[in-house]
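Asker: my_file-v4.tsv is the file, holding TSV, C-alpha atoms:
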chain	number	residue	atom	x	y	z
A	1	MET	CA	243.08	192.28	85.79
A	2	ALA	CA	239.29	192.42	85.43
A	3	SER	CA	237.48	189.22	84.57
A	4	ARG	CA	234.32	188.93	82.52
A	5	ALA	CA	231.34	190.20	84.50
A	6	THR	CA	228.24	188.06	84.85
A	7	ILE	CA	224.77	189.38	85.52
A	8	PRO	CA	223.28	189.51	89.01
A	9	ALA	CA	219.85	187.95	89.49
A	10	SER	CA	218.46	191.41	90.28
A	11	PHE	CA	218.53	192.20	86.54
A	12	PHE	CA	215.39	190.07	86.16
A	13	GLY	CA	213.60	192.98	87.82
A	14	ILE	CA	213.80	194.73	84.45
A	15	VAL	CA	211.40	192.13	83.06
A	16	LEU	CA	208.87	192.83	85.81
A	17	GLY	CA	208.82	196.51	84.95
A	18	LEU	CA	208.51	195.96	81.20
A	19	VAL	CA	205.66	193.47	81.58
A	20	GLY	CA	203.93	195.90	83.94
A	21	LEU	CA	204.26	198.71	81.40
A	22	GLY	CA	203.02	196.49	78.59
A	23	GLY	CA	200.02	195.51	80.70
A	24	ASN	CA	199.28	199.19	81.32
A	25	TRP	CA	199.19	199.85	77.59
A	26	ARG	CA	197.00	196.82	76.89
A	27	VAL	CA	194.35	198.11	79.29
A	28	ALA	CA	194.75	201.76	78.25
A	29	SER	CA	194.35	200.88	74.57
A	30	SER	CA	190.92	199.40	75.23
A	31	LEU	CA	189.95	202.04	77.81
A	32	TRP	CA	190.95	205.16	75.86
A	33	ASP	CA	191.27	203.84	72.29
A	34	LEU	CA	195.07	204.17	72.26
A	35	PRO	CA	197.20	202.25	69.70
A	36	PRO	CA	197.29	198.59	70.89
A	37	VAL	CA	200.56	198.01	69.04
A	38	ILE	CA	202.47	199.96	71.71
A	39	GLY	CA	201.57	197.47	74.43
A	40	GLU	CA	202.50	194.53	72.22
A	41	VAL	CA	205.87	196.09	71.34
A	42	VAL	CA	206.64	196.59	75.03
A	43	MET	CA	205.62	192.99	75.76
A	44	ALA	CA	207.88	191.80	72.94
A	45	MET	CA	210.73	193.78	74.50
A	46	ALA	CA	210.03	192.07	77.83
A	47	LEU	CA	210.14	188.67	76.15
A	48	LEU	CA	213.47	189.41	74.45
A	49	VAL	CA	215.02	190.81	77.64
A	50	TRP	CA	213.80	187.77	79.62
A	51	ALA	CA	215.28	185.36	77.05
A	52	ALA	CA	218.62	187.20	77.05
A	53	LEU	CA	218.75	187.22	80.86
A	54	VAL	CA	217.89	183.51	81.09
A	55	LEU	CA	220.79	182.71	78.75
A	56	ALA	CA	223.14	185.04	80.61
A	57	TYR	CA	222.15	183.62	83.99
A	58	ALA	CA	222.57	180.06	82.72
A	59	TYR	CA	226.05	181.11	81.55
A	60	LYS	CA	226.78	182.38	85.05
A	61	TRP	CA	225.84	179.09	86.71
A	62	THR	CA	227.80	177.14	84.09
A	63	PHE	CA	231.02	179.14	83.83
A	64	ASP	CA	231.12	181.39	86.90
A	65	ARG	CA	229.81	179.20	89.68
A	66	VAL	CA	231.90	180.96	92.32
A	67	SER	CA	229.99	184.19	91.74
A	68	ALA	CA	226.70	182.30	91.46
A	69	PHE	CA	227.17	180.56	94.81
A	70	GLU	CA	228.36	183.78	96.44
A	71	GLU	CA	225.17	185.47	95.30
A	72	ALA	CA	223.04	182.57	96.58
A	73	ARG	CA	224.70	182.80	100.01
A	74	HIS	CA	224.53	186.61	100.25
A	75	PRO	CA	221.93	187.72	102.85
A	76	VAL	CA	220.51	190.42	100.55
A	77	GLN	CA	221.36	189.51	96.96
A	78	CYS	CA	220.10	185.95	97.38
A	79	CYS	CA	216.49	187.11	97.48
A	80	PHE	CA	216.72	188.43	93.92
A	81	ILE	CA	217.20	184.90	92.57
A	82	GLY	CA	213.45	184.34	92.91
A	83	LEU	CA	212.93	186.93	90.18
A	84	ALA	CA	214.15	184.40	87.60
A	85	PRO	CA	211.19	182.00	88.00
A	86	SER	CA	208.82	184.89	88.74
A	87	SER	CA	209.70	186.57	85.45
A	88	THR	CA	209.08	183.22	83.74
A	89	VAL	CA	205.53	183.28	85.13
A	90	LEU	CA	205.13	186.76	83.69
A	91	MET	CA	205.93	185.40	80.24
A	92	ALA	CA	202.53	183.70	80.48
A	93	LEU	CA	200.96	187.17	80.55
A	94	VAL	CA	203.03	188.24	77.56
A	95	ILE	CA	202.18	185.33	75.27
A	96	HIS	CA	198.74	184.15	76.39
A	97	PRO	CA	196.89	186.12	73.67
A	98	TYR	CA	198.90	184.22	71.06
A	99	THR	CA	199.57	180.75	72.47
A	100	TYR	CA	197.57	179.60	75.49
A	101	GLY	CA	199.28	176.21	75.84
A	102	LEU	CA	202.77	177.72	75.99
A	103	ALA	CA	201.51	180.32	78.45
A	104	VAL	CA	200.28	177.58	80.79
A	105	THR	CA	203.70	175.91	80.51
A	106	ALA	CA	205.40	179.16	81.52
A	107	LEU	CA	203.04	179.49	84.47
A	108	VAL	CA	203.61	175.94	85.70
A	109	VAL	CA	207.40	175.92	85.21
A	110	GLY	CA	207.91	179.40	86.64
A	111	GLY	CA	205.45	178.82	89.48
A	112	ALA	CA	207.11	175.54	90.50
A	113	GLY	CA	210.52	177.20	90.40
A	114	GLN	CA	209.34	180.14	92.48
A	115	LEU	CA	207.70	177.89	95.07
A	116	ALA	CA	210.85	175.77	95.36
A	117	PHE	CA	213.02	178.84	95.74
A	118	TRP	CA	210.75	180.32	98.41
A	119	LEU	CA	210.78	177.11	100.46
A	120	TRP	CA	214.58	177.01	100.30
A	121	ARG	CA	215.30	180.70	100.89
A	122	PHE	CA	212.74	181.43	103.56
A	123	GLY	CA	213.56	178.17	105.32
A	124	GLU	CA	217.17	179.31	105.51
A	125	MET	CA	216.16	182.73	106.85
A	126	LEU	CA	214.01	181.26	109.60
A	127	GLN	CA	217.05	179.49	111.04
A	128	GLY	CA	218.40	182.82	112.26
A	129	ASP	CA	221.99	184.09	112.37
A	130	ARG	CA	221.01	187.15	110.32
A	131	GLU	CA	222.26	190.66	110.99
A	132	VAL	CA	219.33	193.06	111.35
A	133	ILE	CA	220.89	195.46	108.84
A	134	THR	CA	220.43	192.81	106.12
A	135	THR	CA	216.66	193.06	106.54
A	136	THR	CA	215.54	195.33	103.69
A	137	PRO	CA	212.52	195.47	101.34
A	138	VAL	CA	214.39	192.93	99.20
A	139	ILE	CA	213.12	190.17	101.49
A	140	TYR	CA	209.62	190.75	100.09
A	141	LEU	CA	210.68	189.13	96.82
A	142	PRO	CA	210.67	185.39	97.68
A	143	SER	CA	207.41	185.12	99.62
A	144	VAL	CA	205.39	188.22	98.68
A	145	ALA	CA	206.20	189.21	95.10
A	146	GLY	CA	206.54	185.61	93.95
A	147	ASN	CA	203.14	184.53	95.29
A	148	PHE	CA	201.40	187.61	93.90
A	149	ILE	CA	202.90	187.06	90.45
A	150	ILE	CA	201.77	183.43	90.41
A	151	ALA	CA	198.30	184.58	91.49
A	152	ILE	CA	198.16	187.07	88.62
A	153	GLY	CA	199.24	184.41	86.15
A	154	CYS	CA	196.63	181.97	87.43
A	155	GLY	CA	193.87	184.56	87.20
A	156	VAL	CA	194.76	185.69	83.69
A	157	LEU	CA	194.87	182.10	82.42
A	158	GLY	CA	191.57	181.15	84.04
A	159	TYR	CA	192.68	179.32	87.17
A	160	ALA	CA	191.13	181.67	89.72
A	161	SER	CA	190.63	178.97	92.35
A	162	TRP	CA	194.42	178.51	92.42
A	163	GLY	CA	195.09	182.21	92.05
A	164	ILE	CA	193.18	183.09	95.21
A	165	LEU	CA	195.32	180.66	97.21
A	166	PHE	CA	198.54	182.31	96.06
A	167	ALA	CA	197.04	185.78	96.53
A	168	GLY	CA	196.24	184.88	100.15
A	169	ALA	CA	199.76	183.55	100.69
A	170	GLY	CA	201.21	186.78	99.33
A	171	ILE	CA	198.92	189.05	101.37
A	172	LEU	CA	199.63	187.37	104.70
A	173	SER	CA	203.36	187.17	103.94
A	174	TRP	CA	203.36	190.90	103.19
A	175	LEU	CA	201.57	191.75	106.44
A	176	ALA	CA	203.98	189.56	108.41
A	177	LEU	CA	207.10	191.13	106.88
A	178	GLU	CA	206.12	194.80	106.62
A	179	SER	CA	206.39	195.60	110.32
A	180	ILE	CA	209.77	193.83	110.50
A	181	ILE	CA	211.14	195.88	107.60
A	182	ILE	CA	209.75	199.16	108.92
A	183	PHE	CA	211.23	198.40	112.37
A	184	ARG	CA	214.65	197.85	110.80
A	185	LEU	CA	214.47	201.03	108.72
A	186	LEU	CA	213.38	203.07	111.75
A	187	ASN	CA	215.85	201.71	114.29
A	188	ALA	CA	218.96	200.33	112.60
A	189	SER	CA	221.65	202.15	110.66
A	190	ALA	CA	220.69	203.90	107.43
A	191	LEU	CA	220.69	201.84	104.24
A	192	ALA	CA	224.00	201.96	102.41
A	193	VAL	CA	223.86	204.34	99.45
A	194	PRO	CA	223.97	201.57	96.78
A	195	LEU	CA	221.03	199.84	98.48
A	196	ARG	CA	218.78	202.89	98.75
A	197	PRO	CA	217.14	202.47	95.31
A	198	THR	CA	215.84	199.07	96.47
A	199	LEU	CA	213.41	201.01	98.68
A	200	GLY	CA	211.37	201.22	95.50
A	201	ILE	CA	210.29	197.66	96.30
A	202	GLN	CA	208.38	199.07	99.29
A	203	LEU	CA	205.75	200.41	96.88
A	204	ALA	CA	205.04	197.03	95.32
A	205	PRO	CA	203.30	194.82	97.94
A	206	PRO	CA	200.01	196.74	98.35
A	207	VAL	CA	199.55	197.56	94.67
A	208	VAL	CA	200.62	194.12	93.40
A	209	ALA	CA	198.27	192.61	96.01
A	210	VAL	CA	195.46	194.59	94.39
A	211	ALA	CA	196.61	193.43	90.94
A	212	ALA	CA	196.51	189.81	92.13
A	213	TRP	CA	193.02	190.25	93.55
A	214	LEU	CA	191.71	191.94	90.42
A	215	ALA	CA	193.14	189.18	88.22
A	216	ASN	CA	191.09	186.58	90.07
A	217	THR	CA	187.80	188.46	90.54
A	218	GLN	CA	185.23	190.26	88.44
A	219	GLY	CA	183.06	193.36	88.70
A	220	ILE	CA	183.62	196.62	90.52
A	221	PRO	CA	186.36	196.09	93.14
A	222	GLU	CA	185.37	195.97	96.79
A	223	LEU	CA	185.96	198.94	99.08
A	224	LEU	CA	188.74	197.08	100.91
A	225	VAL	CA	190.59	196.57	97.60
A	226	GLN	CA	190.33	200.29	96.88
A	227	ALA	CA	191.58	201.03	100.41
A	228	VAL	CA	194.64	198.80	99.98
A	229	TRP	CA	195.39	200.58	96.72
A	230	GLY	CA	195.19	203.86	98.65
A	231	TYR	CA	197.89	202.58	101.00
A	232	GLY	CA	200.02	201.87	97.96
A	233	LEU	CA	199.48	205.42	96.74
A	234	LEU	CA	200.66	206.67	100.15
A	235	GLN	CA	203.82	204.56	99.82
A	236	GLY	CA	204.45	206.14	96.43
A	237	LEU	CA	204.18	209.65	97.91
A	238	LEU	CA	206.55	208.64	100.71
A	239	LEU	CA	209.12	207.49	98.16
A	240	VAL	CA	208.83	210.84	96.38
A	241	ARG	CA	209.61	212.54	99.69
A	242	LEU	CA	212.68	210.27	100.09
A	243	LEU	CA	214.00	210.81	96.56
A	244	PRO	CA	216.72	213.36	97.52
A	245	TRP	CA	218.10	210.79	99.99
A	246	ILE	CA	217.78	207.88	97.54
A	247	LEU	CA	219.30	209.81	94.63
A	248	LYS	CA	222.64	210.06	96.41
A	249	GLN	CA	223.20	206.83	94.47
A	250	SER	CA	223.82	207.70	90.82
A	251	PHE	CA	221.80	205.81	88.22
A	252	ALA	CA	222.32	202.06	88.39
A	253	PRO	CA	220.26	198.97	87.53
A	254	ALA	CA	219.03	199.00	91.15
A	255	TYR	CA	216.61	201.79	90.22
A	256	TRP	CA	214.52	199.23	88.33
A	257	ALA	CA	213.28	198.31	91.82
A	258	PHE	CA	210.77	201.15	91.33
A	259	SER	CA	209.41	199.75	88.07
A	260	PHE	CA	207.08	196.95	89.17
A	261	GLY	CA	205.46	199.05	91.88
A	262	ILE	CA	204.85	202.12	89.74
A	263	THR	CA	203.45	200.08	86.84
A	264	ALA	CA	201.19	198.14	89.23
A	265	LEU	CA	199.97	201.37	90.85
A	266	SER	CA	198.81	202.80	87.53
A	267	GLY	CA	197.77	199.40	86.14
A	268	ASP	CA	195.42	198.88	89.09
A	269	ALA	CA	193.84	202.27	88.50
A	270	LEU	CA	193.33	201.44	84.83
A	271	GLN	CA	191.87	198.03	85.64
A	272	MET	CA	189.47	199.39	88.25
A	273	THR	CA	188.38	202.17	85.90
A	274	SER	CA	187.78	199.70	83.08
A	275	ARG	CA	185.58	197.66	85.46
A	276	GLY	CA	183.28	200.60	86.05
A	277	LEU	CA	184.75	202.23	89.16
A	278	LYS	CA	184.08	205.97	89.38
A	279	GLY	CA	185.48	208.65	91.64
A	280	ALA	CA	188.97	209.21	93.03
A	281	VAL	CA	190.77	206.25	91.47
A	282	ALA	CA	189.31	206.82	88.01
A	283	SER	CA	190.17	210.53	88.24
A	284	MET	CA	193.81	209.75	88.99
A	285	ALA	CA	194.20	206.99	86.39
A	286	PRO	CA	195.23	209.21	83.42
A	287	ALA	CA	197.82	211.14	85.45
A	288	LEU	CA	199.27	207.95	86.94
A	289	PHE	CA	199.47	206.34	83.50
A	290	PHE	CA	201.37	209.37	82.19
A	291	LEU	CA	203.69	209.40	85.22
A	292	THR	CA	204.40	205.69	84.82
A	293	ASN	CA	205.44	206.17	81.21
A	294	VAL	CA	207.76	209.01	82.21
A	295	VAL	CA	209.40	206.95	84.98
A	296	MET	CA	209.82	203.94	82.71
A	297	ALA	CA	211.28	206.11	79.93
A	298	ILE	CA	213.85	207.45	82.40
A	299	LEU	CA	214.76	203.92	83.52
A	300	MET	CA	215.12	202.68	79.95
A	301	LEU	CA	217.13	205.71	78.85
A	302	GLY	CA	219.40	205.46	81.87
A	303	THR	CA	219.96	201.78	81.16
A	304	VAL	CA	220.91	202.45	77.54
A	305	VAL	CA	223.33	205.19	78.65
A	306	ARG	CA	225.00	202.88	81.18
A	307	ILE	CA	225.31	200.12	78.56
A	308	VAL	CA	226.94	202.55	76.12
A	309	GLN	CA	229.28	203.70	78.90
A	310	ASN	CA	230.12	200.05	79.70
A	311	ARG	CA	228.94	200.70	83.25
A	312	PHE	CA	225.83	198.53	83.33
A	313	LEU	CA	227.30	195.25	84.54
A	314	PRO	CA	228.93	195.25	87.98
A	315	ARG	CA	232.71	195.37	87.97
A	316	VAL	CA	234.46	192.06	88.64
A	317	VAL	CA	238.11	191.94	89.60
A	318	SER	CA	240.43	188.98	89.96
A	319	ALA	CA	241.93	187.98	93.27
A	320	ALA	CA	245.26	189.47	92.18
A	321	ALA	CA	243.76	192.93	91.67
A	322	PRO	CA	242.86	195.35	94.45
A	323	ALA	CA	239.16	195.44	95.24
A	324	ALA	CA	237.31	198.63	94.45
Translate this structure into structure tokens?
Answerer:
Amino acid sequence: MASRATIPASFFGIVLGLVGLGGNWRVASSLWDLPPVIGEVVMAMALLVWAALVLAYAYKWTFDRVSAFEEARHPVQCCFIGLAPSSTVLMALVIHPYTYGLAVTALVVGGAGQLAFWLWRFGEMLQGDREVITTTPVIYLPSVAGNFIIAIGCGVLGYASWGILFAGAGILSWLALESIIIFRLLNASALAVPLRPTLGIQLAPPVVAVAAWLANTQGIPELLVQAVWGYGLLQGLLLVRLLPWILKQSFAPAYWAFSFGITALSGDALQMTSRGLKGAVASMAPALFFLTNVVMAILMLGTVVRIVQNRFLPRVVSAAAPAA
């Protein structure tokens, strides 16, 4: 008999995508005189989804601790747990135009949680005994994504001297991990079909690095920043080339792994354009903004369909039932 399913930590990735989309609309509304209410509605959606996920994840750790501990010990799924405090940091971006003090609280609480999780998770990983096939882009989340998100929060709230520190930590962590992940993807067995959508995370490090840098600096971005963004664009094109292979997995929540990278890619272009940058990036900004909205609409529609079909949460079976 099936037992009640509880959410995996990876669902917090939905919040990252929604906040990224809302941020896109906030910049686009000032850049192109688009309705600002759209960005605020998307940010409100992100806040509601985050609150619902926090409650659901607290329920998991209270009433389904077996599943919670299994997730924490899993060599791949464990890394998603860091998205819980990281998404809390992103709430600072959502609410800072309305309540600065509460935004700072979200930054401090989420940042402390993320730092604690990174120290625990990465410390465990450095002790070895890991199968090489468990090395996937998911391992970016604790030390790369988390540091970049804190850096963005610090920059937006006016703590650039702290933001630069976290941006540096994220950049060097990304450079240290990228070659390891690429080596695994090139030389070990192919990713299992259910894991293939998580390749969308591969897009995020360069473009979120640029977002972190922009949040803590002013003026026209340096040439190196534009070059790093170009590498992110290349990663996006590579993922397009891999789509037929990735799409062997039917739609599942794992496809939200694409959301933070694609929204950061277009968000960077919008930010750099709004800061006076001309040329290639500014020329691509409108098309990337449109593409981002299309991708996010597909993700949201697919999610609604799976919820209606009662196929959104992972299946959970009791010990007496045969495993699927």
Asker: Could you check how far atom CA of A:Val240 sits from atom CA of A:Gly200, in Å to one decimal?
Answerer: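 Interatomic distance here is 10.0 Å.
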Asker: Name the closest residue to A:Phe183 among the candidates A:Thr135, A:Ser161, A:Gln218, A:Thr6; distances are taken between atoms, counting only C-alpha atoms.
Answerer: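 Comparing A:Thr135, A:Ser161, A:Gln218, A:Thr6 against A:Phe183, the winner is A:Thr135.
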Asker: Excluding A:Leu83 and its own-chain neighbours fewer than 4 positions away, which residues fall within 7 Å of it when counting all atoms listed in the file? Please give them as a list in words.
Answerer: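 My list of contacting residues is Phe12, Gly13 and Ser87 of chain A.
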Asker: Near A:Ala215, within 7 Å and counting all atoms listed in the file, which residues show up once chain neighbours fewer than 4 positions away are dropped, as a count of residues only?
Answerer: 4
Asker: From the list A:Trp61, A:Trp245, A:Trp50, A:Phe122, which residue is nearest A:Pro75 when using all atoms listed in the file?
Answerer: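 Counting all atoms listed in the file, the residue closest to A:Pro75 is A:Phe122.
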Asker: So which residues touch A:Leu172 within 10 Å, counting all atoms listed in the file, skipping near sequence neighbours fewer than 4 positions away, as a VMD selection string?
Answerer: chain A and resid 143 to 144 167 to 168 176 to 177
Asker: Which neighbours of A:Ala169 fall inside 10 Å, counting all atoms listed in the file, when residues of the same chain fewer than 2 positions from it are skipped, and could you give them as an MDAnalysis selection string?
Answerer: chainID A and resid 143:144 146:148 151 163:167 171:174
Asker: With distances taken over all atoms listed in the file, which residue among A:Phe251, A:Tyr57, A:Trp118, A:Trp213 lies nearest A:Leu141?
Answerer: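 Closest residue, counting all atoms listed in the file: A:Trp118.
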Asker: Calculated over all atoms listed in the file, which of the candidates A:Ala227, A:Thr136, A:Gly236, A:Gly39 has the smallest distance to A:Asn24?
Answerer: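 Comparing A:Ala227, A:Thr136, A:Gly236, A:Gly39 against A:Asn24, the winner is A:Gly39.
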Asker: Do a neighbour search on A:Phe290 at 12 Å with all atoms listed in the file, toss out local chain neighbours closer than 3 positions, and write the hits as a list in words.
Answerer: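 The contact residues come out as Leu21, Asn24, Trp25, Ala28, Ile262, Thr263, Leu265, Ser266, Gly267, Leu270, Met284, Ala285, Pro286, Ala287, Asn293, Val294, Val295, Met296 and Ala297 of chain A.
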Asker: Write the residues of the selection above to a file with C-alpha atoms, as an mmCIF file, keeping the file's coordinate frame.
Answerer:
data_model
loop_
_atom_site.group_PDB
_atom_site.id
_atom_site.type_symbol
_atom_site.label_atom_id
_atom_site.label_comp_id
_atom_site.auth_asym_id
_atom_site.auth_seq_id
_atom_site.Cartn_x
_atom_site.Cartn_y
_atom_site.Cartn_z
ATOM 1 C CA LEU A 21 204.260 198.710 81.400
ATOM 2 C CA ASN A 24 199.280 199.190 81.320
ATOM 3 C CA TRP A 25 199.190 199.850 77.590
ATOM 4 C CA ALA A 28 194.750 201.760 78.250
ATOM 5 C CA ILE A 262 204.850 202.120 89.740
ATOM 6 C CA THR A 263 203.450 200.080 86.840
ATOM 7 C CA LEU A 265 199.970 201.370 90.850
ATOM 8 C CA SER A 266 198.810 202.800 87.530
ATOM 9 C CA GLY A 267 197.770 199.400 86.140
ATOM 10 C CA LEU A 270 193.330 201.440 84.830
ATOM 11 C CA MET A 284 193.810 209.750 88.990
ATOM 12 C CA ALA A 285 194.200 206.990 86.390
ATOM 13 C CA PRO A 286 195.230 209.210 83.420
ATOM 14 C CA ALA A 287 197.820 211.140 85.450
ATOM 15 C CA ASN A 293 205.440 206.170 81.210
ATOM 16 C CA VAL A 294 207.760 209.010 82.210
ATOM 17 C CA VAL A 295 209.400 206.950 84.980
ATOM 18 C CA MET A 296 209.820 203.940 82.710
ATOM 19 C CA ALA A 297 211.280 206.110 79.930
#
Asker: Could you tell me how far atom CA of A:Ala209 lies from atom CA of A:Gln249, in Å and to one decimal?
Answerer: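 Result for atom CA of A:Ala209 versus atom CA of A:Gln249: 28.7 Å, one decimal.
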Asker: Enter the distance from atom CA of A:Gly276 to atom CA of A:Met43, in Å, rounded to one decimal.
Answerer: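 Atom CA of A:Met43 lies 25.7 Å from atom CA of A:Gly276.
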Asker: Counting only C-alpha atoms, which residues come within 6 Å of (207.0, 194.3, 78.0), with the point read in the file's coordinates, and could you list them as a count of residues only?
Answerer: 8
Asker: Using only C-alpha atoms for the distances, tell me which of A:Leu157, A:Leu247, A:Val54, A:Ala269 is nearest to A:Leu102.
Answerer: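 So, comparing all the options, the nearest one is A:Leu157.
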Asker: Nearest residue to A:Ala204 out of A:Val109, A:Ala282, A:Val76, A:Ala257, using only C-alpha atoms?
Answerer: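 Closest candidate: A:Ala257.
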Asker: Padding 8 Å on each side, edges along x, y and z: where is the centre of the box around the listed atoms of stretch 288-304 of chain A, and how long are its edges in Å to one decimal? Output it as JSON.
Answerer:
{"center_x": 210.1, "center_y": 205.6, "center_z": 82.2, "size_x": 37.6, "size_y": 23.6, "size_z": 25.4}
